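Visitor: Input: one structure, supplied below.
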Amino acid sequence: MTNTTNINIKDVAQLVDDAAVNAEAISQLSAQGYQLTLAQAYQVQAQSVSNRLVRGEQQVGIKMGFTSRAKMIQMDVDDMIWGPLTDAMFIEEGGETPWDKYVHPRVEPEIAFLLKKPLSGNVTLAEAMASVEAVAPALEIIDSRYANFKFSLEDVVADNCSSSGFTIGAWQSAQTDIANLGMVMEFDGEAIEIGSSAGILGNPWRSLAAAARVAGEAGKVLPAGSIVLAGASTAAQALKPGVHVRLNCEKLGIAEFTVK
Ligand code: OOG
Ligand code: MG
């Protein structure tokens, strides 16, 4: 058993990073004898993201996770999480993503923010709103690197919060009232999840304020031009080869992609 005091962060990061690169599931870290604290899990995450940057990926923003009851219940966890997004995860809106890139991908409906001013630390909702250029409907592909998509909060944080892919629909005015928008996610034209943006912390702007706070706590600033994904409003659904996924979000429009 490797206890919390003698964990080699780089070694653990290599495990999750290799699993992501090879699209091969690994056992949960706890089952491999690594009992990480949450702080260590974020250190593993930072190291595995730094491995990505060394390989030439660019950080383009961050994603918030477990900001809805629907997701917390589906994954049996009880706290919000966050992790960096890179350009390698971006899927052109209306584009395709290859099935073989993933282990057991799922998709979920989200709202995206585009920052026009840097954001960090404790901000009011009004301050968070004033730093946003535009908002958009978004779809996130999550792909846990752990067998059976099962994890503890520490496991999933270390695995960069299952981050794997995202697509963003056309950017809309930041003045759009996004507090309670109907969100319908379709597979091949059939509704598969129906929710409301209010499912995201009661109002997705709260997720942006939370993103600023967690970035500040990590000693980071979200720069102008960053994307922030607010977290899914509904449970995630398993993808399958060939499926066409579309989010239809009231007032904001659509975001869609196809799995090749
Ligand atoms: C972790 C990622 C959670 C969300 O929007 O709640 C997340 C997972 O469910 O694998 O992205
Ligand atoms: Mg998500």
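By convention in this document, the chains of the structure tokens carry letters A, B, ... by their order, each chain's residues are numbered from 1, and ligands are numbered from 1 in the order they are shown.
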Could you give me, as a tab-separated table, a per-residue list for segment 17-121 of chain A showing, wherever an atom lies at most 8 Å from an atom of segment 152-170 of chain A, the closest pair of atoms and their distance in Å to one decimal, using only C-alpha atoms and sorting by chain then residue number from low to high?

Guide:
residue	atom	partner	partner_atom	distance
A:Asp17	CA	A:Asp159	CA	7.8
A:Gln28	CA	A:Asp155	CA	6.5
A:Leu29	CA	A:Asp155	CA	6.1
A:Ser30	CA	A:Asp155	CA	7.4
A:Leu36	CA	A:Glu154	CA	6.4
A:Thr37	CA	A:Glu154	CA	6.7
A:Leu38	CA	A:Glu154	CA	5.3
A:Ala41	CA	A:Ala158	CA	4.5
A:Tyr42	CA	A:Ala158	CA	5.9
A:Gln43	CA	A:Ala158	CA	7.6
A:Val44	CA	A:Ala158	CA	5.2
A:Gln45	CA	A:Ala158	CA	4.6
A:Ser48	CA	A:Asn160	CA	7.8
A:Val49	CA	A:Asn160	CA	7.7
A:Gly65	CA	A:Cys161	CA	7.2
A:Val77	CA	A:Leu153	CA	6.4
A:Asp79	CA	A:Leu153	CA	7.8
A:Ile81	CA	A:Val157	CA	6.8
A:Trp82	CA	A:Cys161	CA	6.7
A:Gly83	CA	A:Asn160	CA	5.4
A:Pro84	CA	A:Asn160	CA	7.2
A:Leu85	CA	A:Ser163	CA	7.1
A:Ala88	CA	A:Gly165	CA	7.9
A:Met89	CA	A:Gly165	CA	4.2
A:Phe90	CA	A:Phe166	CA	5.3
A:Ile91	CA	A:Thr167	CA	5.0
A:Glu92	CA	A:Thr167	CA	6.2
A:Glu93	CA	A:Thr167	CA	5.5
A:Tyr102	CA	A:Ser164	CA	7.9
A:Ala112	CA	A:Ile168	CA	7.1

Visitor: Taking N, CA and C atoms for each residue, export the selection above as a PDB file, in the first residue's frame.

Guide:
ATOM      1  N   ASP A  17      -1.867   9.340 -17.954  1.00  0.00           N
ATOM      2  CA  ASP A  17      -1.536   9.922 -19.254  1.00  0.00           C
ATOM      3  C   ASP A  17      -1.378   8.816 -20.307  1.00  0.00           C
ATOM      4  N   GLN A  28      -8.635   1.638 -11.098  1.00  0.00           N
ATOM      5  CA  GLN A  28      -8.696   2.844 -10.285  1.00  0.00           C
ATOM      6  C   GLN A  28      -7.385   2.958  -9.501  1.00  0.00           C
ATOM      7  N   LEU A  29      -6.913   4.196  -9.285  1.00  0.00           N
ATOM      8  CA  LEU A  29      -5.637   4.378  -8.584  1.00  0.00           C
ATOM      9  C   LEU A  29      -5.679   3.757  -7.197  1.00  0.00           C
ATOM     10  N   SER A  30      -6.836   3.910  -6.528  1.00  0.00           N
ATOM     11  CA  SER A  30      -6.951   3.330  -5.181  1.00  0.00           C
ATOM     12  C   SER A  30      -6.766   1.813  -5.246  1.00  0.00           C
ATOM     13  N   LEU A  36      -4.579   8.636  -2.822  1.00  0.00           N
ATOM     14  CA  LEU A  36      -4.269  10.061  -2.998  1.00  0.00           C
ATOM     15  C   LEU A  36      -5.188  10.931  -2.154  1.00  0.00           C
ATOM     16  N   THR A  37      -4.648  12.035  -1.635  1.00  0.00           N
ATOM     17  CA  THR A  37      -5.518  13.080  -1.093  1.00  0.00           C
ATOM     18  C   THR A  37      -6.038  13.869  -2.297  1.00  0.00           C
ATOM     19  N   LEU A  38      -7.058  14.701  -2.075  1.00  0.00           N
ATOM     20  CA  LEU A  38      -7.577  15.505  -3.182  1.00  0.00           C
ATOM     21  C   LEU A  38      -6.491  16.460  -3.696  1.00  0.00           C
ATOM     22  N   ALA A  41      -4.278  14.599  -5.892  1.00  0.00           N
ATOM     23  CA  ALA A  41      -4.968  14.292  -7.145  1.00  0.00           C
ATOM     24  C   ALA A  41      -4.844  15.482  -8.113  1.00  0.00           C
ATOM     25  N   TYR A  42      -4.988  16.702  -7.595  1.00  0.00           N
ATOM     26  CA  TYR A  42      -4.821  17.880  -8.462  1.00  0.00           C
ATOM     27  C   TYR A  42      -3.361  18.043  -8.910  1.00  0.00           C
ATOM     28  N   GLN A  43      -2.415  17.597  -8.073  1.00  0.00           N
ATOM     29  CA  GLN A  43      -1.003  17.637  -8.505  1.00  0.00           C
ATOM     30  C   GLN A  43      -0.766  16.649  -9.645  1.00  0.00           C
ATOM     31  N   VAL A  44      -1.389  15.471  -9.542  1.00  0.00           N
ATOM     32  CA  VAL A  44      -1.272  14.476 -10.632  1.00  0.00           C
ATOM     33  C   VAL A  44      -1.886  15.058 -11.905  1.00  0.00           C
ATOM     34  N   GLN A  45      -3.065  15.682 -11.743  1.00  0.00           N
ATOM     35  CA  GLN A  45      -3.736  16.297 -12.900  1.00  0.00           C
ATOM     36  C   GLN A  45      -2.808  17.330 -13.562  1.00  0.00           C
ATOM     37  N   SER A  48      -0.039  15.645 -15.466  1.00  0.00           N
ATOM     38  CA  SER A  48      -0.441  14.974 -16.714  1.00  0.00           C
ATOM     39  C   SER A  48      -0.807  16.018 -17.771  1.00  0.00           C
ATOM     40  N   VAL A  49      -1.359  17.162 -17.350  1.00  0.00           N
ATOM     41  CA  VAL A  49      -1.632  18.233 -18.322  1.00  0.00           C
ATOM     42  C   VAL A  49      -0.307  18.805 -18.808  1.00  0.00           C
ATOM     43  N   GLY A  65     -16.859  20.313 -13.383  1.00  0.00           N
ATOM     44  CA  GLY A  65     -17.559  19.032 -13.367  1.00  0.00           C
ATOM     45  C   GLY A  65     -18.382  18.878 -12.109  1.00  0.00           C
ATOM     46  N   VAL A  77     -20.768  10.927  -6.574  1.00  0.00           N
ATOM     47  CA  VAL A  77     -19.764  11.793  -5.946  1.00  0.00           C
ATOM     48  C   VAL A  77     -20.493  13.000  -5.354  1.00  0.00           C
ATOM     49  N   ASP A  79     -18.884  16.393  -4.789  1.00  0.00           N
ATOM     50  CA  ASP A  79     -18.241  17.702  -4.828  1.00  0.00           C
ATOM     51  C   ASP A  79     -17.936  18.116  -6.254  1.00  0.00           C
ATOM     52  N   ILE A  81     -15.637  19.542  -9.306  1.00  0.00           N
ATOM     53  CA  ILE A  81     -14.245  19.337  -9.696  1.00  0.00           C
ATOM     54  C   ILE A  81     -13.951  20.242 -10.903  1.00  0.00           C
ATOM     55  N   TRP A  82     -12.687  20.370 -11.257  1.00  0.00           N
ATOM     56  CA  TRP A  82     -12.342  21.160 -12.449  1.00  0.00           C
ATOM     57  C   TRP A  82     -11.058  20.622 -13.060  1.00  0.00           C
ATOM     58  N   GLY A  83     -10.877  20.929 -14.349  1.00  0.00           N
ATOM     59  CA  GLY A  83      -9.642  20.517 -15.014  1.00  0.00           C
ATOM     60  C   GLY A  83      -9.446  21.295 -16.305  1.00  0.00           C
ATOM     61  N   PRO A  84      -8.195  21.395 -16.775  1.00  0.00           N
ATOM     62  CA  PRO A  84      -7.889  22.126 -18.004  1.00  0.00           C
ATOM     63  C   PRO A  84      -8.395  21.435 -19.267  1.00  0.00           C
ATOM     64  N   LEU A  85      -8.737  22.248 -20.269  1.00  0.00           N
ATOM     65  CA  LEU A  85      -9.089  21.766 -21.609  1.00  0.00           C
ATOM     66  C   LEU A  85      -7.946  22.162 -22.546  1.00  0.00           C
ATOM     67  N   ALA A  88      -6.284  19.928 -28.318  1.00  0.00           N
ATOM     68  CA  ALA A  88      -6.389  18.574 -28.891  1.00  0.00           C
ATOM     69  C   ALA A  88      -7.758  17.951 -28.600  1.00  0.00           C
ATOM     70  N   MET A  89      -8.478  18.514 -27.638  1.00  0.00           N
ATOM     71  CA  MET A  89      -9.803  17.966 -27.280  1.00  0.00           C
ATOM     72  C   MET A  89     -10.918  18.613 -28.108  1.00  0.00           C
ATOM     73  N   PHE A  90     -10.569  19.687 -28.813  1.00  0.00           N
ATOM     74  CA  PHE A  90     -11.599  20.456 -29.520  1.00  0.00           C
ATOM     75  C   PHE A  90     -12.070  19.717 -30.774  1.00  0.00           C
ATOM     76  N   ILE A  91     -13.383  19.634 -30.932  1.00  0.00           N
ATOM     77  CA  ILE A  91     -13.996  19.045 -32.133  1.00  0.00           C
ATOM     78  C   ILE A  91     -14.709  20.173 -32.854  1.00  0.00           C
ATOM     79  N   GLU A  92     -14.388  20.368 -34.101  1.00  0.00           N
ATOM     80  CA  GLU A  92     -15.035  21.413 -34.905  1.00  0.00           C
ATOM     81  C   GLU A  92     -16.541  21.207 -34.846  1.00  0.00           C
ATOM     82  N   GLU A  93     -17.291  22.278 -34.635  1.00  0.00           N
ATOM     83  CA  GLU A  93     -18.756  22.158 -34.549  1.00  0.00           C
ATOM     84  C   GLU A  93     -19.283  21.576 -35.856  1.00  0.00           C
ATOM     85  N   TYR A 102     -11.072   6.864 -28.182  1.00  0.00           N
ATOM     86  CA  TYR A 102     -11.638   6.809 -26.827  1.00  0.00           C
ATOM     87  C   TYR A 102     -11.660   5.389 -26.242  1.00  0.00           C
ATOM     88  N   ALA A 112     -21.128  26.896 -22.659  1.00  0.00           N
ATOM     89  CA  ALA A 112     -19.738  27.383 -22.672  1.00  0.00           C
ATOM     90  C   ALA A 112     -19.703  28.899 -22.547  1.00  0.00           C
TER      91      ALA A 112
END

Visitor: Using the chain letters and numbers from this document, which residues of segment 8-254 of chain A does DSSP assign to strand (DSSP E or B), as a ChimeraX atom specification?

Guide: /A:26,34,59-65,68,81-86,90,96-97,106-115,119,132-142,146,163-168,172-173,182-187,190-196,200,222,227-229,237-238,244-249,253-254

Visitor: Can you check which residues of segment 8-190 of chain A DSSP gives as alpha helix (DSSP H) on the backbone and send them as a ChimeraX atom specification?

Guide: /A:9-22,38-54,69-75,125-130,153-158

Visitor: Could you take the residues named above and write them with N, CA and C atoms, as a CSV table (one decimal), in the first residue's frame?

Guide:
chain,number,residue,atom,x,y,z
A,9,ILE,N,4.3,11.7,-7.7
A,9,ILE,CA,3.2,12.4,-8.6
A,9,ILE,C,3.5,12.1,-10.0
A,10,LYS,N,4.8,12.2,-10.4
A,10,LYS,CA,5.1,12.0,-11.9
A,10,LYS,C,4.7,10.5,-12.3
A,11,ASP,N,5.0,9.6,-11.5
A,11,ASP,CA,4.7,8.2,-11.8
A,11,ASP,C,3.2,8.0,-12.0
A,12,VAL,N,2.4,8.5,-11.1
A,12,VAL,CA,1.0,8.4,-11.1
A,12,VAL,C,0.4,9.1,-12.4
A,13,ALA,N,1.0,10.3,-12.6
A,13,ALA,CA,0.5,11.1,-13.8
A,13,ALA,C,0.8,10.3,-15.1
A,14,GLN,N,1.9,9.6,-15.1
A,14,GLN,CA,2.3,8.8,-16.3
A,14,GLN,C,1.3,7.7,-16.5
A,15,LEU,N,0.8,7.1,-15.4
A,15,LEU,CA,-0.2,6.0,-15.6
A,15,LEU,C,-1.5,6.5,-16.3
A,16,VAL,N,-2.0,7.7,-15.8
A,16,VAL,CA,-3.3,8.2,-16.4
A,16,VAL,C,-3.0,8.7,-17.8
A,17,ASP,N,-1.9,9.3,-18.0
A,17,ASP,CA,-1.5,9.9,-19.3
A,17,ASP,C,-1.4,8.8,-20.3
A,18,ASP,N,-0.7,7.7,-20.0
A,18,ASP,CA,-0.5,6.6,-20.9
A,18,ASP,C,-1.9,6.0,-21.3
A,19,ALA,N,-2.7,5.9,-20.2
A,19,ALA,CA,-4.1,5.3,-20.5
A,19,ALA,C,-4.8,6.2,-21.5
A,20,ALA,N,-4.7,7.5,-21.4
A,20,ALA,CA,-5.4,8.4,-22.3
A,20,ALA,C,-4.8,8.3,-23.7
A,21,VAL,N,-3.4,8.3,-23.8
A,21,VAL,CA,-2.8,8.3,-25.1
A,21,VAL,C,-3.1,6.9,-25.8
A,22,ASN,N,-3.1,5.8,-25.0
A,22,ASN,CA,-3.3,4.5,-25.7
A,22,ASN,C,-4.8,4.1,-25.7
A,38,LEU,N,-7.1,14.7,-2.1
A,38,LEU,CA,-7.6,15.5,-3.2
A,38,LEU,C,-6.5,16.5,-3.7
A,39,ALA,N,-5.7,17.0,-2.8
A,39,ALA,CA,-4.6,17.9,-3.2
A,39,ALA,C,-3.6,17.2,-4.1
A,40,GLN,N,-3.3,16.0,-3.7
A,40,GLN,CA,-2.3,15.2,-4.5
A,40,GLN,C,-3.0,14.9,-5.9
A,41,ALA,N,-4.3,14.6,-5.9
A,41,ALA,CA,-5.0,14.3,-7.1
A,41,ALA,C,-4.8,15.5,-8.1
A,42,TYR,N,-5.0,16.7,-7.6
A,42,TYR,CA,-4.8,17.9,-8.5
A,42,TYR,C,-3.4,18.0,-8.9
A,43,GLN,N,-2.4,17.6,-8.1
A,43,GLN,CA,-1.0,17.6,-8.5
A,43,GLN,C,-0.8,16.6,-9.6
A,44,VAL,N,-1.4,15.5,-9.5
A,44,VAL,CA,-1.3,14.5,-10.6
A,44,VAL,C,-1.9,15.1,-11.9
A,45,GLN,N,-3.1,15.7,-11.7
A,45,GLN,CA,-3.7,16.3,-12.9
A,45,GLN,C,-2.8,17.3,-13.6
A,46,ALA,N,-2.2,18.2,-12.7
A,46,ALA,CA,-1.3,19.3,-13.3
A,46,ALA,C,-0.2,18.7,-14.0
A,47,GLN,N,0.4,17.6,-13.5
A,47,GLN,CA,1.5,16.9,-14.1
A,47,GLN,C,1.1,16.3,-15.4
A,48,SER,N,0.0,15.6,-15.5
A,48,SER,CA,-0.4,15.0,-16.7
A,48,SER,C,-0.8,16.0,-17.8
A,49,VAL,N,-1.4,17.2,-17.3
A,49,VAL,CA,-1.6,18.2,-18.3
A,49,VAL,C,-0.3,18.8,-18.8
A,50,SER,N,0.7,18.9,-17.9
A,50,SER,CA,2.0,19.4,-18.3
A,50,SER,C,2.6,18.5,-19.3
A,51,ASN,N,2.4,17.2,-19.2
A,51,ASN,CA,2.9,16.2,-20.2
A,51,ASN,C,2.3,16.5,-21.5
A,52,ARG,N,1.0,16.8,-21.5
A,52,ARG,CA,0.3,17.1,-22.8
A,52,ARG,C,0.9,18.4,-23.4
A,53,LEU,N,1.2,19.4,-22.6
A,53,LEU,CA,1.7,20.7,-23.1
A,53,LEU,C,3.1,20.4,-23.7
A,54,VAL,N,3.9,19.6,-23.1
A,54,VAL,CA,5.2,19.2,-23.6
A,54,VAL,C,5.1,18.5,-25.0
A,69,ARG,N,-26.9,18.2,-9.9
A,69,ARG,CA,-27.3,17.0,-9.1
A,69,ARG,C,-27.3,15.8,-10.0
A,70,ALA,N,-27.8,16.0,-11.3
A,70,ALA,CA,-27.9,14.9,-12.2
A,70,ALA,C,-26.6,14.1,-12.3
A,71,LYS,N,-25.5,14.9,-12.5
A,71,LYS,CA,-24.2,14.3,-12.6
A,71,LYS,C,-23.7,13.7,-11.3
A,72,MET,N,-23.9,14.4,-10.2
A,72,MET,CA,-23.4,13.9,-8.9
A,72,MET,C,-24.0,12.5,-8.6
A,73,ILE,N,-25.3,12.4,-8.9
A,73,ILE,CA,-26.1,11.2,-8.6
A,73,ILE,C,-25.6,10.1,-9.6
A,74,GLN,N,-25.5,10.4,-10.9
A,74,GLN,CA,-25.0,9.4,-11.9
A,74,GLN,C,-23.7,8.8,-11.5
A,75,MET,N,-22.7,9.7,-11.0
A,75,MET,CA,-21.4,9.2,-10.7
A,75,MET,C,-21.1,8.9,-9.3
A,125,LEU,N,-21.3,37.4,-9.1
A,125,LEU,CA,-21.9,37.0,-10.4
A,125,LEU,C,-21.8,38.1,-11.4
A,126,ALA,N,-22.0,39.4,-10.9
A,126,ALA,CA,-22.0,40.5,-11.9
A,126,ALA,C,-20.6,40.6,-12.4
A,127,GLU,N,-19.5,40.4,-11.6
A,127,GLU,CA,-18.1,40.5,-12.1
A,127,GLU,C,-17.9,39.4,-13.1
A,128,ALA,N,-18.4,38.2,-12.8
A,128,ALA,CA,-18.2,37.1,-13.7
A,128,ALA,C,-18.8,37.4,-15.0
A,129,MET,N,-20.0,37.9,-15.0
A,129,MET,CA,-20.8,38.2,-16.2
A,129,MET,C,-20.0,39.3,-17.0
A,130,ALA,N,-19.5,40.3,-16.3
A,130,ALA,CA,-18.8,41.4,-17.0
A,130,ALA,C,-17.5,40.9,-17.7
A,153,LEU,N,-13.7,10.5,-6.2
A,153,LEU,CA,-13.4,11.9,-6.5
A,153,LEU,C,-11.9,12.1,-6.8
A,154,GLU,N,-11.0,11.5,-6.0
A,154,GLU,CA,-9.6,11.7,-6.2
A,154,GLU,C,-9.2,11.1,-7.5
A,155,ASP,N,-9.7,9.8,-7.8
A,155,ASP,CA,-9.3,9.2,-9.1
A,155,ASP,C,-9.7,10.1,-10.3
A,156,VAL,N,-10.9,10.6,-10.3
A,156,VAL,CA,-11.4,11.3,-11.5
A,156,VAL,C,-10.6,12.7,-11.6
A,157,VAL,N,-10.3,13.3,-10.5
A,157,VAL,CA,-9.5,14.5,-10.6
A,157,VAL,C,-8.2,14.2,-11.2
A,158,ALA,N,-7.5,13.2,-10.7
A,158,ALA,CA,-6.2,12.8,-11.2
A,158,ALA,C,-6.2,12.5,-12.7

Visitor: Hey, which residues sit close to ligand 2? Say within 10 Å, counting only C-alpha atoms and all ligand atoms, and write them as a ChimeraX atom specification.

Guide: /A:63-68,71,81-82,106-111,138-142,161-166,229-236

Visitor: Residues near Gln175 of chain A, anyone? I mean within 9 Å using only C-alpha atoms, not counting same-chain ones fewer than 3 positions away, as a list in words.

Guide: Met129, Ala134, Val135, Gln172 and Ile178 of chain A

Visitor: Taking only C-alpha atoms and all ligand atoms into account, name the residue in A:Leu201, A:Ala23, A:Leu247, A:Met80 that is nearest to ligand 1.

Guide: A:Met80
